[in-house]
$ cat model_32.txt   # compact mmCIF, C-alpha atoms and all ligand atoms
# COMPACT_ATOMS: atom_id res chain seq x y z
CA MET O 11 -9.33 -21.45 10.45
CA SER O 12 -9.27 -24.17 13.11
CA LYS O 13 -5.76 -25.05 11.97
CA LEU O 14 -4.65 -21.62 13.16
CA SER O 15 -5.34 -22.33 16.82
CA SER O 16 -2.60 -24.94 17.08
CA LYS O 17 0.03 -22.55 15.75
CA HIS O 18 -1.24 -19.26 17.16
CA PRO O 19 -2.72 -18.13 20.49
CA PHE O 20 -5.68 -16.59 18.65
CA ARG O 21 -8.36 -17.25 16.06
CA ILE O 22 -9.91 -15.11 13.35
CA GLY O 23 -13.52 -14.31 14.18
CA ARG O 24 -16.35 -11.93 13.55
CA SER O 25 -16.17 -8.56 15.33
CA ARG O 26 -18.40 -5.48 15.26
CA THR O 27 -16.47 -3.93 12.36
CA GLY O 28 -15.75 -7.06 10.32
CA LEU O 29 -13.17 -9.70 11.06
CA GLY O 30 -10.92 -9.56 14.09
CA LEU O 31 -8.44 -11.60 16.12
CA PHE O 32 -9.57 -13.22 19.36
CA ALA O 33 -7.36 -14.76 22.03
CA THR O 34 -7.79 -18.53 22.46
CA GLN O 35 -5.60 -18.75 25.58
CA PRO O 36 -4.47 -16.36 28.33
CA LEU O 37 -1.78 -14.01 27.03
CA LYS O 38 0.38 -12.58 29.79
CA LYS O 39 1.51 -8.96 29.77
CA GLY O 40 4.48 -8.58 27.43
CA THR O 41 3.71 -11.71 25.37
CA ARG O 42 4.38 -11.42 21.65
CA VAL O 43 0.95 -12.10 20.23
CA VAL O 44 1.37 -11.73 16.48
CA GLU O 45 4.00 -10.47 14.06
CA TYR O 46 3.09 -7.64 11.69
CA SER O 47 4.70 -9.30 8.70
CA GLY O 48 5.18 -8.54 5.05
CA PRO O 49 7.79 -7.56 2.50
CA LYS O 50 10.25 -4.86 3.49
CA ILE O 51 9.92 -1.86 1.17
CA THR O 52 11.64 1.53 0.97
CA ASN O 53 9.85 4.53 2.44
CA LYS O 54 9.82 6.02 -1.05
CA ARG O 55 7.80 3.03 -2.24
CA ALA O 56 5.63 3.28 0.91
CA GLU O 57 4.82 6.89 0.13
CA TRP O 58 3.89 5.99 -3.43
CA ILE O 59 1.57 3.23 -2.18
CA GLU O 60 -0.13 5.55 0.31
CA GLU O 61 -0.71 8.22 -2.32
CA ASN O 62 -1.79 5.98 -5.18
CA THR O 63 -3.53 2.92 -3.73
CA ASP O 64 -6.10 1.95 -1.08
CA ASN O 65 -3.49 -0.08 0.79
CA ARG O 66 -3.57 1.18 4.39
CA TYR O 67 -1.34 -1.56 5.78
CA VAL O 68 2.07 0.06 5.32
CA PHE O 69 3.95 0.21 8.63
CA GLU O 70 7.02 2.43 8.94
CA LEU O 71 10.05 0.68 10.49
CA ASN O 72 12.55 3.54 10.47
CA ASP O 73 13.59 6.50 8.32
CA LYS O 74 14.46 4.19 5.44
CA TRP O 75 12.26 1.08 5.55
CA SER O 76 8.62 0.13 5.90
CA ILE O 77 6.69 -3.14 5.95
CA ASP O 78 3.89 -3.72 3.47
CA GLY O 79 1.43 -5.62 5.63
CA SER O 80 -1.25 -6.03 2.98
CA THR O 81 -0.36 -9.68 2.26
CA ARG O 82 -2.85 -12.39 3.23
CA SER O 83 -0.29 -14.14 5.40
CA ASN O 84 -0.04 -11.09 7.68
CA LEU O 85 -2.59 -12.07 10.32
CA ALA O 86 -1.87 -8.89 12.31
CA ARG O 87 -3.82 -6.97 9.68
CA TYR O 88 -7.01 -8.46 11.20
CA VAL O 89 -6.31 -6.66 14.48
CA ASN O 90 -8.87 -3.87 14.84
CA HIS O 91 -8.40 -0.41 16.32
CA SER O 92 -9.24 0.54 19.88
CA CYS O 93 -8.68 3.77 21.79
CA ARG O 94 -7.92 1.51 24.79
CA PRO O 95 -5.81 -1.17 23.08
CA ASN O 96 -4.67 -4.38 24.81
CA VAL O 97 -1.64 -4.84 22.53
CA GLU O 98 1.02 -2.40 21.36
CA ALA O 99 3.43 -2.50 18.43
CA TYR O 100 7.10 -2.83 19.17
CA GLN O 101 10.05 -3.24 16.90
CA TYR O 102 12.62 -5.95 17.34
CA ASP O 103 15.37 -6.71 14.85
CA MET O 104 13.60 -5.05 11.88
CA LYS O 105 10.41 -6.89 12.75
CA ILE O 106 7.19 -5.51 14.17
CA TRP O 107 5.36 -7.44 16.88
CA TYR O 108 2.15 -6.77 18.71
CA ARG O 109 2.66 -7.55 22.40
CA ALA O 110 0.18 -7.67 25.25
CA ARG O 111 -0.10 -4.50 27.36
CA TRP O 112 -1.77 -6.50 30.14
CA THR O 113 -3.01 -10.07 30.55
CA ILE O 114 -5.54 -10.84 27.82
CA LYS O 115 -8.24 -13.40 28.61
CA PRO O 116 -9.34 -16.14 26.17
CA GLY O 117 -12.20 -14.81 24.04
CA ASP O 118 -11.06 -11.18 24.28
CA GLU O 119 -10.58 -9.42 20.97
CA ILE O 120 -6.98 -8.37 20.33
CA LEU O 121 -6.95 -4.62 19.72
CA VAL O 122 -4.26 -2.09 18.87
CA SER O 123 -4.21 1.68 18.43
CA TYR O 124 -3.79 2.60 14.76
CA GLY O 125 -2.13 5.86 15.77
CA GLN O 126 -3.17 9.50 15.65
CA ASP O 127 -2.60 10.07 11.90
CA TYR O 128 -4.64 7.04 10.88
CA PHE O 129 -7.32 7.88 13.44
CA ASP O 130 -7.69 11.47 12.21
CA SER O 131 -7.74 10.47 8.53
CA PHE O 132 -9.94 7.36 8.51
CA ILE O 133 -11.68 6.75 11.85
CA LYS O 134 -12.67 10.17 13.18
CA PRO O 135 -14.65 11.13 10.02
CA VAL O 136 -16.95 8.09 10.42
CA GLY O 137 -16.91 7.89 14.25
CA CYS O 138 -14.84 5.42 16.23
CA LYS O 139 -16.70 2.17 16.97
CA CYS O 140 -14.36 0.85 19.67
CA ASN O 141 -15.92 -0.12 23.02
CA THR O 142 -14.31 2.82 24.80
CA CYS O 143 -15.87 5.33 22.39
CA LEU O 144 -19.25 3.54 22.17
CA ASN O 145 -19.50 3.45 25.98
CA ARG O 146 -18.48 7.08 26.27
CA ARG O 147 -21.13 8.14 23.74
CA LYS O 148 -23.72 5.97 25.53
CA ARG O 149 -22.87 7.64 28.87
CA GLU O 150 -23.12 11.07 27.20
CA ARG O 151 -26.55 10.25 25.73
CA GLU O 152 -27.79 8.99 29.12
CA GLU O 153 -26.52 12.16 30.78
CA GLU O 154 -28.37 14.25 28.15
CA ARG O 155 -31.57 12.30 28.84
CA ARG O 156 -31.18 12.75 32.60
CA LYS O 157 -30.64 16.50 32.11
CA ALA O 158 -33.71 16.77 29.88
CA ALA O 159 -35.80 14.80 32.40
CA ARG O 160 -34.64 17.08 35.24
CA LYS O 161 -35.57 20.11 33.14
CA ARG O 162 -39.05 18.70 32.45
CA ALA O 163 -39.52 17.89 36.14
CA ALA O 164 -38.49 21.42 37.12
CA LYS O 165 -40.91 22.93 34.59
CA LYS O 166 -43.78 20.78 35.87
CA LYS O 167 -43.03 21.79 39.45
CA ASN O 168 -42.91 25.49 38.55
CA GLY O 169 -46.15 25.16 36.57
CA LYS O 170 -48.02 24.09 39.71
CA HIS O 171 -47.28 27.35 41.50
ZN ZN O 201 -12.34 4.69 19.97
$ encode --input "model_32.txt" --output "structure tokens"
Amino acid sequence: MSKLSSKHPFRIGRSRTGLGLFATQPLKKGTRVVEYSGPKITNKRAEWIEENTDNRYVFELNDKWSIDGSTRSNLARYVNHSCRPNVEAYQYDMKIWYRARWTIKPGDEILVSYGQDYFDSFIKPVGCKCNTCLNRRKREREEERRKAARKRAAKKKNGKH
């Protein structure tokens, strides 16, 4: 894994949901961070894979071709989902790259949005564990607690009358 750092601006490391990619140097906005690589397959084949296997790494290129990103050499498959992603997929010359949406600091996990379809099918049912969603749920729980405390305080006050 240490060999990676010389070739790539990231390392594979442990994240909340398993393995993830982490920046090892500052990545300026627009930088190509990692290629989403793999064999080019027809969309017909892609459809078959999605219906008959657990492979969730098929990425559609256009109305004819997809990339099967399930191969070990595709390091982009370690990039986890976030609802506030710091990289985005873009297509260049029949290749898919993840590029920085803003400057990413060393140590930051590289995160992409898996898209609405994937989110609805696989993430929503179990609850999204990205920082944005965890923080939102934490804020909501705190707000609930504050509301409950206010209610109790009001009851106590009324009880004294
Ligand atoms: Zn989320």
$ residues_near_ligand --input "model_32.txt" --ligand "ligand ZN 201 (chain O)" --cutoff "9 Å" --atoms "only C-alpha atoms and all ligand atoms" --output "PyMOL selection string"
chain O and resi 91-94+123+129+133-134+137-144
$ atom_distance --input "model_32.txt" --atom1 "CA of Trp75 in chain O" --atom2 "CA of Glu57 in chain O"
10.9 Å
$ residues_near_point --input "model_32.txt" --point "(2.4, -3.6, 21.9)" --cutoff "6 Å" --atoms "only C-alpha atoms" --output "list in words"
Val97, Glu98, Ala99, Tyr100, Tyr108, Arg109 and Ala110 of chain O
$ atom_distance --input "model_32.txt" --atom1 "CA of Arg82 in chain O" --atom2 "CA of Gln126 in chain O"
25.2 Å
$ residues_around --input "model_32.txt" --residues "Gly117 in chain O" --least-positions-apart "4" --cutoff "9 Å" --atoms "only C-alpha atoms" --output "PyMOL selection string"
chain O and resi 20+32-36
$ atom_distance --input "model_32.txt" --atom1 "CA of Pro95 in chain O" --atom2 "CA of Lys74 in chain O"
27.4 Å
$ residues_around --input "model_32.txt" --residues "Val68 in chain O" --least-positions-apart "2" --cutoff "8 Å" --atoms "only C-alpha atoms" --output "MDAnalysis selection string"
chainID O and resid 56 60 65:66 70 76:80
$ write_last_selection --input "model_32.txt" --atoms "C-alpha atoms" --output "PDB file, in the coordinates of the input"
ATOM      1  CA  ALA O  56       5.630   3.280   0.910  1.00  0.00           C
ATOM      2  CA  GLU O  60      -0.130   5.550   0.310  1.00  0.00           C
ATOM      3  CA  ASN O  65      -3.490  -0.080   0.790  1.00  0.00           C
ATOM      4  CA  ARG O  66      -3.570   1.180   4.390  1.00  0.00           C
ATOM      5  CA  GLU O  70       7.020   2.430   8.940  1.00  0.00           C
ATOM      6  CA  SER O  76       8.620   0.130   5.900  1.00  0.00           C
ATOM      7  CA  ILE O  77       6.690  -3.140   5.950  1.00  0.00           C
ATOM      8  CA  ASP O  78       3.890  -3.720   3.470  1.00  0.00           C
ATOM      9  CA  GLY O  79       1.430  -5.620   5.630  1.00  0.00           C
ATOM     10  CA  SER O  80      -1.250  -6.030   2.980  1.00  0.00           C
TER      11      SER O  80
END
$ residues_around --input "model_32.txt" --residues "Gly23 in chain O" --least-positions-apart "4" --cutoff "12 Å" --atoms "all atoms listed in the file" --output "number ranges by chain"
O: 11-12, 14-15, 27-34, 85, 88-90, 117-120
$ closest_residue --input "model_32.txt" --among "O:Phe132, O:Asn84, O:Lys165, O:Thr41" --to "Asp64 in chain O" --atoms "only C-alpha atoms"
O:Phe132
$ closest_residue --input "model_32.txt" --among "O:Ile114, O:Ala159, O:Ile22, O:Ile59" --to "Leu37 in chain O" --atoms "all atoms listed in the file"
O:Ile114
$ decode --input "model_32.txt" --residues "range 125-152 of chain O" --atoms "N, CA and C atoms" --output "compact mmCIF listing (two decimals), in the first residue's frame"
# COMPACT_ATOMS: atom_id res chain seq x y z
N GLY O 125 -25.00 8.80 -6.88
CA GLY O 125 -26.15 9.08 -7.75
C GLY O 125 -27.46 8.66 -7.12
N GLN O 126 -28.54 9.28 -7.59
CA GLN O 126 -29.86 9.09 -6.99
C GLN O 126 -30.34 7.64 -7.04
N ASP O 127 -30.18 6.98 -8.19
CA ASP O 127 -30.67 5.60 -8.33
C ASP O 127 -29.99 4.67 -7.33
N TYR O 128 -28.66 4.77 -7.27
CA TYR O 128 -27.90 3.93 -6.34
C TYR O 128 -28.30 4.25 -4.91
N PHE O 129 -28.40 5.55 -4.62
CA PHE O 129 -28.75 5.99 -3.27
C PHE O 129 -30.10 5.39 -2.84
N ASP O 130 -31.11 5.53 -3.71
CA ASP O 130 -32.45 5.04 -3.38
C ASP O 130 -32.48 3.52 -3.22
N SER O 131 -31.70 2.81 -4.03
CA SER O 131 -31.74 1.35 -4.00
C SER O 131 -30.94 0.75 -2.85
N PHE O 132 -29.76 1.30 -2.57
CA PHE O 132 -28.83 0.61 -1.66
C PHE O 132 -28.48 1.38 -0.40
N ILE O 133 -28.55 2.71 -0.42
CA ILE O 133 -28.10 3.49 0.75
C ILE O 133 -29.28 3.89 1.64
N LYS O 134 -30.32 4.43 1.01
CA LYS O 134 -31.49 4.90 1.77
C LYS O 134 -32.08 3.81 2.67
N PRO O 135 -32.23 2.58 2.16
CA PRO O 135 -32.85 1.53 3.01
C PRO O 135 -32.09 1.27 4.31
N VAL O 136 -30.76 1.47 4.32
CA VAL O 136 -29.98 1.20 5.53
C VAL O 136 -29.59 2.49 6.26
N GLY O 137 -29.85 3.64 5.66
CA GLY O 137 -29.49 4.92 6.27
C GLY O 137 -28.11 5.35 5.84
N CYS O 138 -28.00 6.54 5.30
CA CYS O 138 -26.71 7.03 4.81
C CYS O 138 -25.79 7.34 5.98
N LYS O 139 -24.52 6.89 5.89
CA LYS O 139 -23.57 7.11 6.98
C LYS O 139 -22.54 8.18 6.63
N CYS O 140 -22.82 9.00 5.64
CA CYS O 140 -21.86 10.07 5.31
C CYS O 140 -21.92 11.15 6.40
N ASN O 141 -20.85 11.94 6.52
CA ASN O 141 -20.77 12.96 7.57
C ASN O 141 -21.94 13.93 7.52
N THR O 142 -22.32 14.32 6.32
CA THR O 142 -23.42 15.27 6.16
C THR O 142 -24.70 14.72 6.80
N CYS O 143 -25.00 13.46 6.52
CA CYS O 143 -26.23 12.85 7.05
C CYS O 143 -26.11 12.56 8.54
N LEU O 144 -24.93 12.08 8.99
CA LEU O 144 -24.74 11.81 10.42
C LEU O 144 -24.88 13.10 11.22
N ASN O 145 -24.29 14.20 10.73
CA ASN O 145 -24.38 15.48 11.43
C ASN O 145 -25.81 16.01 11.44
N ARG O 146 -26.50 15.83 10.32
CA ARG O 146 -27.89 16.29 10.26
C ARG O 146 -28.74 15.54 11.27
N ARG O 147 -28.56 14.20 11.32
CA ARG O 147 -29.35 13.40 12.28
C ARG O 147 -29.00 13.76 13.71
N LYS O 148 -27.70 14.06 13.97
CA LYS O 148 -27.27 14.45 15.31
C LYS O 148 -27.95 15.77 15.70
N ARG O 149 -27.95 16.73 14.76
CA ARG O 149 -28.60 18.03 15.03
C ARG O 149 -30.09 17.82 15.32
N GLU O 150 -30.72 16.92 14.53
CA GLU O 150 -32.16 16.67 14.72
C GLU O 150 -32.43 16.06 16.09
N ARG O 151 -31.56 15.12 16.52
CA ARG O 151 -31.73 14.49 17.84
C ARG O 151 -31.56 15.52 18.95
N GLU O 152 -30.56 16.42 18.80
CA GLU O 152 -30.32 17.45 19.80
C GLU O 152 -31.52 18.39 19.89
